[in-house]
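Coordinates from query.json are shown below (JSON, C-alpha atoms and all ligand atoms).
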[["chain", "number", "residue", "atom", "x", "y", "z"],
["A", 30, "MET", "CA", 38.93, 61.37, -66.70],
["A", 31, "VAL", "CA", 42.02, 59.37, -65.73],
["A", 32, "HIS", "CA", 41.09, 56.92, -68.48],
["A", 33, "ASP", "CA", 40.82, 59.69, -71.06],
["A", 34, "GLU", "CA", 44.37, 60.71, -70.28],
["A", 35, "LEU", "CA", 45.51, 57.11, -70.71],
["A", 36, "PHE", "CA", 43.75, 56.89, -74.08],
["A", 37, "ILE", "CA", 45.52, 60.07, -75.22],
["A", 38, "ARG", "CA", 48.86, 58.52, -74.24],
["A", 39, "MET", "CA", 47.97, 55.38, -76.22],
["A", 40, "VAL", "CA", 47.19, 57.50, -79.29],
["A", 41, "GLN", "CA", 50.53, 59.29, -78.91],
["A", 42, "ALA", "CA", 52.49, 56.05, -78.39],
["A", 43, "VAL", "CA", 51.22, 54.76, -81.76],
["A", 44, "ILE", "CA", 51.93, 58.07, -83.50],
["A", 45, "ASP", "CA", 55.45, 58.06, -82.03],
["A", 46, "GLY", "CA", 55.90, 54.39, -82.97],
["A", 47, "GLU", "CA", 56.87, 53.65, -79.36],
["A", 48, "LYS", "CA", 56.29, 49.91, -79.05],
["A", 49, "GLU", "CA", 57.39, 49.56, -75.43],
["A", 50, "ARG", "CA", 55.30, 52.50, -74.30],
["A", 51, "ALA", "CA", 52.28, 51.13, -76.19],
["A", 52, "VAL", "CA", 52.71, 47.78, -74.39],
["A", 53, "GLU", "CA", 53.12, 49.41, -70.97],
["A", 54, "LEU", "CA", 49.95, 51.45, -71.49],
["A", 55, "ALA", "CA", 48.03, 48.31, -72.50],
["A", 56, "GLN", "CA", 49.21, 46.61, -69.31],
["A", 57, "GLU", "CA", 48.20, 49.68, -67.31],
["A", 58, "ALA", "CA", 44.73, 49.56, -68.89],
["A", 59, "LEU", "CA", 44.32, 45.91, -67.86],
["A", 60, "HIS", "CA", 45.54, 46.79, -64.36],
["A", 61, "LEU", "CA", 42.91, 49.56, -64.14],
["A", 62, "GLU", "CA", 40.30, 47.10, -65.43],
["A", 63, "ILE", "CA", 39.49, 49.21, -68.46],
["A", 64, "PRO", "CA", 37.58, 47.02, -70.95],
["A", 65, "PRO", "CA", 40.16, 46.00, -73.58],
["A", 66, "LEU", "CA", 37.85, 46.90, -76.46],
["A", 67, "GLU", "CA", 37.50, 50.42, -75.08],
["A", 68, "ALA", "CA", 41.28, 50.79, -74.93],
["A", 69, "ILE", "CA", 41.58, 49.51, -78.50],
["A", 70, "ASN", "CA", 38.84, 51.76, -79.87],
["A", 71, "LYS", "CA", 39.55, 54.95, -77.93],
["A", 72, "GLY", "CA", 43.33, 54.61, -77.86],
["A", 73, "TYR", "CA", 45.17, 52.50, -80.38],
["A", 74, "ILE", "CA", 42.72, 52.69, -83.32],
["A", 75, "VAL", "CA", 42.57, 56.49, -83.02],
["A", 76, "GLY", "CA", 46.39, 56.47, -83.03],
["A", 77, "ILE", "CA", 46.76, 54.31, -86.14],
["A", 78, "GLN", "CA", 44.13, 56.39, -87.96],
["A", 79, "LYS", "CA", 46.14, 59.53, -87.17],
["A", 80, "VAL", "CA", 49.27, 57.78, -88.49],
["A", 81, "GLY", "CA", 47.34, 57.01, -91.69],
["A", 82, "GLU", "CA", 46.28, 60.64, -92.06],
["A", 83, "LEU", "CA", 49.85, 61.89, -91.54],
["A", 84, "PHE", "CA", 51.07, 59.36, -94.12],
["A", 85, "GLU", "CA", 48.43, 60.49, -96.61],
["A", 86, "LYS", "CA", 49.42, 64.15, -96.13],
["A", 87, "GLY", "CA", 53.06, 63.27, -96.73],
["A", 88, "ASP", "CA", 54.10, 64.26, -93.19],
["A", 89, "PHE", "CA", 54.94, 60.62, -92.38],
["A", 90, "PHE", "CA", 56.86, 58.15, -94.53],
["A", 91, "LEU", "CA", 56.82, 54.36, -94.66],
["A", 92, "PRO", "CA", 59.17, 53.81, -91.67],
["A", 93, "GLU", "CA", 56.85, 55.84, -89.42],
["A", 94, "LEU", "CA", 53.84, 53.94, -90.78],
["A", 95, "VAL", "CA", 55.57, 50.64, -90.02],
["A", 96, "MET", "CA", 56.61, 51.74, -86.52],
["A", 97, "GLY", "CA", 53.08, 52.91, -85.73],
["A", 98, "ALA", "CA", 51.65, 49.59, -86.92],
["A", 99, "GLU", "CA", 54.19, 47.65, -84.85],
["A", 100, "ALA", "CA", 53.37, 49.64, -81.72],
["A", 101, "MET", "CA", 49.68, 48.95, -82.30],
["A", 102, "GLN", "CA", 50.21, 45.24, -82.88],
["A", 103, "ALA", "CA", 52.35, 44.91, -79.75],
["A", 104, "ALA", "CA", 49.62, 46.55, -77.66],
["A", 105, "LEU", "CA", 46.94, 44.34, -79.24],
["A", 106, "ALA", "CA", 48.95, 41.25, -78.35],
["A", 107, "VAL", "CA", 48.66, 42.30, -74.69],
["A", 108, "LEU", "CA", 44.93, 43.05, -74.89],
["A", 109, "GLU", "CA", 43.70, 40.19, -77.10],
["A", 110, "PRO", "CA", 43.82, 37.37, -74.51],
["A", 111, "GLU", "CA", 41.74, 39.44, -72.09],
["A", 112, "LEU", "CA", 39.38, 40.40, -74.91],
["A", 113, "LYS", "CA", 38.79, 36.73, -75.71],
["A", 114, "ARG", "CA", 38.41, 35.82, -72.05],
["A", 115, "ARG", "CA", 35.80, 38.50, -71.33],
["A", 116, "HIS", "CA", 33.61, 37.73, -74.30],
["A", 117, "GLN", "CA", 33.93, 33.98, -74.23],
["A", 118, "GLU", "CA", 30.59, 32.35, -74.87],
["A", 119, "ARG", "CA", 30.33, 28.59, -74.55],
["A", 120, "GLU", "CA", 27.94, 27.99, -77.38],
["A", 121, "ARG", "CA", 29.70, 27.26, -80.67],
["A", 122, "LEU", "CA", 28.12, 29.38, -83.37],
["A", 123, "GLY", "CA", 29.91, 28.31, -86.54],
["A", 124, "SER", "CA", 33.19, 28.23, -88.41],
["A", 125, "ALA", "CA", 35.03, 30.78, -90.49],
["A", 126, "ILE", "CA", 38.10, 31.16, -92.64],
["A", 127, "ALA", "CA", 39.62, 34.63, -92.87],
["A", 128, "GLY", "CA", 42.40, 36.34, -94.74],
["A", 129, "THR", "CA", 43.56, 39.52, -96.38],
["A", 130, "VAL", "CA", 43.45, 39.20, -100.16],
["A", 131, "GLU", "CA", 46.45, 38.74, -102.41],
["A", 132, "GLY", "CA", 48.75, 41.74, -102.79],
["A", 133, "ASP", "CA", 47.62, 43.29, -99.52],
["A", 134, "ILE", "CA", 49.70, 42.94, -96.37],
["A", 135, "HIS", "CA", 47.40, 44.88, -94.01],
["A", 136, "GLU", "CA", 46.19, 42.57, -91.27],
["A", 137, "ILE", "CA", 45.58, 44.47, -88.04],
["A", 138, "GLY", "CA", 41.86, 45.01, -88.67],
["A", 139, "LYS", "CA", 41.29, 41.49, -89.95],
["A", 140, "ARG", "CA", 43.00, 40.08, -86.86],
["A", 141, "LEU", "CA", 40.72, 42.15, -84.67],
["A", 142, "VAL", "CA", 37.68, 40.81, -86.52],
["A", 143, "CYS", "CA", 38.97, 37.24, -86.02],
["A", 144, "THR", "CA", 39.61, 37.83, -82.31],
["A", 145, "MET", "CA", 36.08, 39.14, -81.80],
["A", 146, "LEU", "CA", 34.56, 36.22, -83.71],
["A", 147, "VAL", "CA", 36.54, 33.70, -81.64],
["A", 148, "ALA", "CA", 35.52, 35.55, -78.49],
["A", 149, "ASN", "CA", 31.89, 35.19, -79.52],
["A", 150, "GLY", "CA", 31.91, 31.48, -80.23],
["A", 151, "PHE", "CA", 33.17, 31.04, -83.79],
["A", 152, "ASP", "CA", 36.00, 28.69, -84.78],
["A", 153, "VAL", "CA", 38.24, 30.80, -86.97],
["A", 154, "LEU", "CA", 41.16, 29.87, -89.18],
["A", 155, "ASP", "CA", 43.13, 33.02, -89.99],
["A", 156, "LEU", "CA", 45.15, 32.50, -93.15],
["A", 157, "GLY", "CA", 47.00, 35.78, -92.61],
["A", 158, "PRO", "CA", 47.68, 38.55, -95.13],
["A", 159, "ASP", "CA", 48.40, 38.35, -98.88],
["A", 160, "VAL", "CA", 46.35, 35.21, -99.46],
["A", 161, "ALA", "CA", 45.93, 33.99, -103.05],
["A", 162, "ALA", "CA", 42.43, 33.19, -104.34],
["A", 163, "GLU", "CA", 43.50, 29.57, -104.93],
["A", 164, "THR", "CA", 44.45, 29.23, -101.26],
["A", 165, "PHE", "CA", 41.05, 30.49, -100.13],
["A", 166, "ILE", "CA", 39.36, 28.05, -102.52],
["A", 167, "GLN", "CA", 41.51, 25.13, -101.39],
["A", 168, "LYS", "CA", 40.80, 25.82, -97.71],
["A", 169, "VAL", "CA", 37.04, 26.21, -98.30],
["A", 170, "GLN", "CA", 37.05, 22.90, -100.18],
["A", 171, "GLU", "CA", 39.02, 21.19, -97.44],
["A", 172, "LEU", "CA", 37.39, 22.61, -94.30],
["A", 173, "LYS", "CA", 33.87, 23.53, -95.47],
["A", 174, "PRO", "CA", 33.51, 26.59, -93.20],
["A", 175, "ASN", "CA", 30.21, 28.42, -92.78],
["A", 176, "LEU", "CA", 31.82, 31.79, -93.45],
["A", 177, "LEU", "CA", 34.64, 33.16, -95.59],
["A", 178, "LEU", "CA", 35.98, 36.57, -94.55],
["A", 179, "LEU", "CA", 37.91, 38.63, -97.06],
["A", 180, "SER", "CA", 39.73, 41.76, -95.96],
["A", 181, "ALA", "CA", 41.15, 44.41, -98.31],
["A", 182, "LEU", "CA", 42.56, 47.75, -97.21],
["A", 183, "MET", "CA", 43.52, 49.28, -100.52],
["A", 184, "THR", "CA", 41.53, 50.40, -103.52],
["A", 185, "THR", "CA", 44.03, 48.45, -105.63],
["A", 186, "THR", "CA", 43.35, 45.16, -103.81],
["A", 187, "MET", "CA", 39.56, 45.41, -103.40],
["A", 188, "PRO", "CA", 39.04, 43.79, -106.85],
["A", 189, "GLU", "CA", 40.71, 40.66, -105.42],
["A", 190, "GLN", "CA", 37.65, 40.20, -103.19],
["A", 191, "LYS", "CA", 35.61, 39.97, -106.36],
["A", 192, "SER", "CA", 38.13, 37.54, -107.89],
["A", 193, "VAL", "CA", 37.79, 35.19, -104.91],
["A", 194, "ILE", "CA", 33.98, 35.25, -105.20],
["A", 195, "GLU", "CA", 34.23, 34.55, -108.93],
["A", 196, "ALA", "CA", 36.70, 31.72, -108.26],
["A", 197, "LEU", "CA", 34.25, 30.20, -105.75],
["A", 198, "LYS", "CA", 31.58, 30.27, -108.45],
["A", 199, "GLY", "CA", 34.02, 28.72, -110.91],
["A", 200, "VAL", "CA", 34.49, 25.63, -108.76],
["A", 201, "GLY", "CA", 30.82, 25.37, -107.75],
["A", 202, "LEU", "CA", 31.39, 26.38, -104.12],
["A", 203, "ARG", "CA", 29.66, 29.76, -104.04],
["A", 204, "ASP", "CA", 26.44, 28.40, -102.51],
["A", 205, "ARG", "CA", 28.30, 26.42, -99.85],
["A", 206, "VAL", "CA", 29.82, 29.36, -97.97],
["A", 207, "LYS", "CA", 28.68, 32.84, -96.92],
["A", 208, "VAL", "CA", 31.19, 35.51, -97.91],
["A", 209, "MET", "CA", 31.80, 38.60, -95.78],
["A", 210, "VAL", "CA", 33.95, 41.48, -96.97],
["A", 211, "GLY", "CA", 35.45, 44.43, -95.15],
["A", 212, "GLY", "CA", 38.38, 46.80, -94.84],
["A", 213, "ALA", "CA", 38.73, 50.58, -94.68],
["A", 214, "ALA", "CA", 38.04, 51.25, -98.38],
["A", 215, "VAL", "CA", 35.25, 48.68, -98.69],
["A", 216, "SER", "CA", 31.64, 49.92, -98.67],
["A", 217, "PRO", "CA", 28.22, 48.26, -98.49],
["A", 218, "SER", "CA", 27.64, 49.13, -102.15],
["A", 219, "TRP", "CA", 30.92, 47.44, -103.15],
["A", 220, "ALA", "CA", 29.90, 44.37, -101.17],
["A", 221, "GLU", "CA", 26.59, 44.30, -103.02],
["A", 222, "GLU", "CA", 28.21, 44.91, -106.40],
["A", 223, "ILE", "CA", 30.55, 41.93, -106.07],
["A", 224, "GLY", "CA", 27.83, 39.66, -104.69],
["A", 225, "ALA", "CA", 29.14, 39.27, -101.12],
["A", 226, "ASP", "CA", 26.66, 38.07, -98.49],
["A", 227, "GLY", "CA", 27.73, 40.48, -95.79],
["A", 228, "TYR", "CA", 29.71, 43.61, -95.00],
["A", 229, "ALA", "CA", 30.70, 45.15, -91.69],
["A", 230, "GLU", "CA", 32.42, 48.40, -90.87],
["A", 231, "ASN", "CA", 34.19, 47.17, -87.76],
["A", 232, "ALA", "CA", 34.86, 44.11, -85.62],
["A", 233, "ILE", "CA", 31.79, 44.51, -83.40],
["A", 234, "GLU", "CA", 29.47, 44.83, -86.37],
["A", 235, "ALA", "CA", 31.24, 41.87, -88.00],
["A", 236, "VAL", "CA", 30.15, 39.62, -85.13],
["A", 237, "GLU", "CA", 26.52, 40.71, -85.53],
["A", 238, "VAL", "CA", 26.60, 40.23, -89.30],
["A", 239, "ALA", "CA", 28.26, 36.81, -88.90],
["A", 240, "LYS", "CA", 25.61, 35.72, -86.40],
["A", 241, "GLY", "CA", 22.89, 36.93, -88.77],
["A", 242, "LEU", "CA", 24.38, 35.00, -91.69],
["A", 243, "MET", "CA", 24.46, 31.82, -89.59],
["A", 244, "GLU", "CA", 20.73, 32.17, -89.03],
["A", 245, "THR", "CA", 20.04, 32.41, -92.75],
["A", 246, "SER", "CA", 22.39, 29.58, -93.75],
["B", 301, "LIG", "C1", 48.88, 50.21, -90.47],
["B", 301, "LIG", "C2", 48.95, 50.50, -91.94],
["B", 301, "LIG", "C3", 49.95, 49.87, -92.68],
["B", 301, "LIG", "C4", 50.88, 48.81, -92.09],
["B", 301, "LIG", "C5", 50.13, 47.46, -91.98],
["B", 301, "LIG", "C6", 50.68, 46.58, -90.87],
["B", 301, "LIG", "C7", 49.90, 45.32, -90.72],
["B", 301, "LIG", "N1", 50.64, 44.25, -90.38],
["B", 301, "LIG", "O1", 48.68, 45.24, -90.89],
["B", 301, "LIG", "C8", 52.05, 48.80, -93.12],
["B", 301, "LIG", "C9", 53.09, 49.78, -92.66],
["B", 301, "LIG", "C10", 52.72, 47.47, -93.39],
["B", 301, "LIG", "C11", 51.35, 49.38, -94.35],
["B", 301, "LIG", "C12", 51.84, 49.22, -95.64],
["B", 301, "LIG", "C13", 51.28, 49.85, -96.75],
["B", 301, "LIG", "N2", 50.25, 50.72, -96.76],
["B", 301, "LIG", "CO1", 49.11, 51.03, -95.23],
["B", 301, "LIG", "N3", 48.05, 51.69, -93.84],
["B", 301, "LIG", "C14", 48.01, 51.41, -92.56],
["B", 301, "LIG", "C15", 46.95, 52.29, -91.88],
["B", 301, "LIG", "C16", 47.65, 53.50, -91.26],
["B", 301, "LIG", "C17", 46.09, 51.66, -90.81],
["B", 301, "LIG", "C18", 45.40, 50.34, -91.16],
["B", 301, "LIG", "C19", 44.92, 49.70, -89.88],
["B", 301, "LIG", "O2", 45.54, 48.77, -89.38],
["B", 301, "LIG", "N4", 43.84, 50.28, -89.26],
["B", 301, "LIG", "C20", 43.33, 49.84, -87.97],
["B", 301, "LIG", "C21", 42.34, 48.69, -88.15],
["B", 301, "LIG", "C22", 41.75, 48.31, -86.79],
["B", 301, "LIG", "O3", 41.29, 49.15, -88.98],
["B", 301, "LIG", "P1", 40.94, 48.45, -90.38],
["B", 301, "LIG", "O4", 42.11, 47.82, -90.96],
["B", 301, "LIG", "O5", 40.17, 49.42, -91.20],
["B", 301, "LIG", "O6", 39.95, 47.27, -89.95],
["B", 301, "LIG", "C23", 38.65, 47.47, -89.39],
["B", 301, "LIG", "C24", 37.55, 47.55, -90.45],
["B", 301, "LIG", "O7", 37.97, 47.99, -91.71],
["B", 301, "LIG", "C25", 36.96, 46.17, -90.44],
["B", 301, "LIG", "N5", 37.54, 45.12, -91.28],
["B", 301, "LIG", "C26", 38.79, 44.96, -91.74],
["B", 301, "LIG", "N6", 38.91, 43.84, -92.45],
["B", 301, "LIG", "C27", 37.71, 43.25, -92.46],
["B", 301, "LIG", "C28", 37.27, 42.07, -93.06],
["B", 301, "LIG", "C29", 35.93, 41.70, -92.94],
["B", 301, "LIG", "C30", 35.43, 40.44, -93.57],
["B", 301, "LIG", "C31", 35.02, 42.53, -92.22],
["B", 301, "LIG", "C32", 33.60, 42.14, -92.11],
["B", 301, "LIG", "C33", 35.48, 43.71, -91.60],
["B", 301, "LIG", "C34", 36.80, 44.07, -91.72],
["B", 301, "LIG", "O8", 37.07, 45.78, -89.10],
["B", 301, "LIG", "C35", 38.35, 46.21, -88.60],
["B", 301, "LIG", "C36", 38.30, 46.35, -87.11],
["B", 301, "LIG", "O9", 37.39, 47.34, -86.68],
["B", 301, "LIG", "C37", 46.04, 52.67, -93.11],
["B", 301, "LIG", "C38", 45.25, 53.97, -92.99],
["B", 301, "LIG", "C39", 43.82, 53.75, -92.56],
["B", 301, "LIG", "N7", 43.26, 54.75, -91.94],
["B", 301, "LIG", "O10", 43.23, 52.69, -92.80],
["B", 301, "LIG", "C40", 47.11, 52.69, -94.25],
["B", 301, "LIG", "C41", 46.67, 52.48, -95.68],
["B", 301, "LIG", "C42", 45.63, 51.38, -95.77],
["B", 301, "LIG", "N8", 47.91, 52.05, -96.32],
["B", 301, "LIG", "C43", 48.05, 52.52, -97.51],
["B", 301, "LIG", "C44", 49.16, 52.25, -98.36],
["B", 301, "LIG", "C45", 49.19, 53.00, -99.68],
["B", 301, "LIG", "C46", 50.16, 51.34, -97.98],
["B", 301, "LIG", "C47", 51.39, 50.91, -98.82],
["B", 301, "LIG", "C48", 51.12, 50.70, -100.31],
["B", 301, "LIG", "C49", 52.49, 51.97, -98.58],
["B", 301, "LIG", "C50", 53.74, 51.82, -99.44],
["B", 301, "LIG", "N9", 53.99, 52.87, -100.17],
["B", 301, "LIG", "O11", 54.39, 50.83, -99.43],
["B", 301, "LIG", "C51", 51.79, 49.60, -98.11],
["B", 301, "LIG", "C52", 51.00, 48.38, -98.66],
["B", 301, "LIG", "C53", 51.81, 47.27, -99.05],
["B", 301, "LIG", "C54", 50.88, 46.11, -99.48],
["B", 301, "LIG", "N10", 51.22, 45.48, -100.56],
["B", 301, "LIG", "O12", 49.90, 45.78, -98.84],
["B", 301, "LIG", "C55", 46.88, 53.40, -97.92],
["B", 301, "LIG", "C56", 45.93, 52.71, -98.92],
["B", 301, "LIG", "C57", 45.39, 53.71, -99.93],
["B", 301, "LIG", "C58", 44.27, 53.13, -100.74],
["B", 301, "LIG", "N11", 43.09, 53.64, -100.52],
["B", 301, "LIG", "O13", 44.46, 52.27, -101.54],
["B", 301, "LIG", "C59", 46.26, 53.76, -96.53],
["B", 301, "LIG", "C60", 44.73, 54.03, -96.57],
["B", 301, "LIG", "C61", 47.03, 55.01, -96.00],
["B", 301, "LIG", "C62", 46.75, 56.26, -96.78],
["B", 301, "LIG", "N12", 45.82, 57.07, -96.32],
["B", 301, "LIG", "O14", 47.37, 56.51, -97.78],
["B", 301, "LIG", "N13", 50.23, 50.07, -94.01]]
Translate this file's structure into structure tokens.
Amino acid sequence: MVHDELFIRMVQAVIDGEKERAVELAQEALHLEIPPLEAINKGYIVGIQKVGELFEKGDFFLPELVMGAEAMQAALAVLEPELKRRHQERERLGSAIAGTVEGDIHEIGKRLVCTMLVANGFDVLDLGPDVAAETFIQKVQELKPNLLLLSALMTTTMPEQKSVIEALKGVGLRDRVKVMVGGAAVSPSWAEEIGADGYAENAIEAVEVAKGLMETS
């Protein structure tokens, strides 16, 4: 009950774009020993989704979107170390390179996926947002990871996921790495259409899919 009230305040802090309040609430959650993933899922993600809806309806403009995202990122920065600590498994499961595709600067969800993979035993290199296909190719060539994770949040940038897969084929690397795709607009049918090896709707599922792909590689 007390926790529910805290989650509601987290949602509101993101909607209001109140960075400091979002951070304080994250600290309070840790103090109350609320699992960090529960705080993220029931509080901050609900908040940022509401911000997205308000933006779509035209009730919020870009500054409010940015402030909401900043509040969320600040809270995640508080929760991520504890998230990693709690889930830490000793066994090393594999390696991954991740990034948001070119032209797309959304990175909150991708970061969360990376954090959960690291927490579950993967070595992850996060190339950040707005990553060109050539950069992905170069890093795959150089580091030979087991997995390549491509995030895209916009319908306009989803085709870039396909471009990266095509570029991998072009340089003969497609069979050397398993490609996972995700992001709010991405669907299992899109993943299949572009020839990705895996899709996940959220960070928890991403870990399961990644583990499954390691078994088949
Ligand atoms: C926060 C946000 C921003 C922030 C991003 C800050 C940052 N550093 O990331 C800022 C303010 C910068 C921003 C900018 C813009 N945004 Co914006 N943004 C959002 C918002 C509200 C939330 C995204 C988010 O962080 N969600 C929370 C995370 C946890 O969820 P997630 O990203 O979906 O990730 C989860 C899953 O998808 C999955 N996942 C994600 N990636 C991957 C990858 C793999 C491999 C796997 C397996 C899984 C996976 O796991 C994650 C964790 O559970 C969305 C609305 C929405 N509901 O998605 C709009 C939204 C994505 N934005 C939108 C738009 C239009 C823009 C702008 C063009 C606005 C503008 N006019 O300038 C710019 C884009 C500029 C650019 N070139 O990229 C639209 C896109 C519309 C479309 N369908 O194409 C949306 C949908 C809003 C809307 N409803 O209109 N945005």
Pick out the residues sitting within 10 Å of stretch 67-71 of chain A, and hand them over as a ChimeraX atom specification; count only C-alpha atoms, and ignore anything fewer than 6 positions along from it in its own chain. /A:32-33,35-37,39-40,54-55,58-59,101,104-105,108-109,141
Expected selection as JSON, numbers by chain for ligand LIG 301 (chain B) within 7 Å, only C-alpha atoms and all ligand atoms: {"A": [74, 77, 78, 80, 81, 82, 84, 85, 91, 94, 95, 97, 98, 132, 133, 134, 135, 136, 137, 138, 139, 141, 142, 178, 179, 180, 181, 182, 183, 184, 185, 209, 210, 211, 212, 213, 214, 228, 229, 230, 231, 232, 235]}
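Coordinates place atom CA of A:Gln41 at a distance of 27.2 Å from atom CA of A:Val215.
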To one decimal place in Å, what is the distance between atom CA of A:Leu176 and atom CA of A:Ile233?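 For atom CA of A:Leu176 relative to atom CA of A:Ile233, the distance reads 16.2 Å.
Of the residues under consideration (A:Arg114, A:Gly76, A:Ile166, A:Pro64), A:Ile166 shows the shortest atom-to-atom contact distance to A:Val200 when counting all atoms listed in the file.
Interatomic distance, atom CA of A:Leu83 against atom CA of A:Met187: 22.8 Å.
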Could you list, as a VMD selection string, every residue within 9 Å of A:Leu112, counting all atoms listed in the file and ignoring same-chain residues fewer than 6 positions away? chain A and resid 64 to 66 144 to 145 148
Let me see the file: selected residues, C-alpha atoms, as an mmCIF file, keeping the file's coordinate frame.
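Result file follows (out.cif):
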data_model
loop_
_atom_site.group_PDB
_atom_site.id
_atom_site.type_symbol
_atom_site.label_atom_id
_atom_site.label_comp_id
_atom_site.auth_asym_id
_atom_site.auth_seq_id
_atom_site.Cartn_x
_atom_site.Cartn_y
_atom_site.Cartn_z
ATOM 1 C CA PRO A 64 37.580 47.020 -70.950
ATOM 2 C CA PRO A 65 40.160 46.000 -73.580
ATOM 3 C CA LEU A 66 37.850 46.900 -76.460
ATOM 4 C CA THR A 144 39.610 37.830 -82.310
ATOM 5 C CA MET A 145 36.080 39.140 -81.800
ATOM 6 C CA ALA A 148 35.520 35.550 -78.490
#
Long-range neighbours of stretch 216-226 of chain A as a PDB file with C-alpha atoms, keeping the file's coordinate frame, 6 Å cut-off, only C-alpha atoms, 5 positions minimum in chain:
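Contents of part29.pdb, as written:
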ATOM      1  CA  LYS A 191      35.610  39.970-106.360  1.00  0.00           C
ATOM      2  CA  LYS A 207      28.680  32.840 -96.920  1.00  0.00           C
ATOM      3  CA  VAL A 208      31.190  35.510 -97.910  1.00  0.00           C
ATOM      4  CA  MET A 209      31.800  38.600 -95.780  1.00  0.00           C
TER       5      MET A 209
END
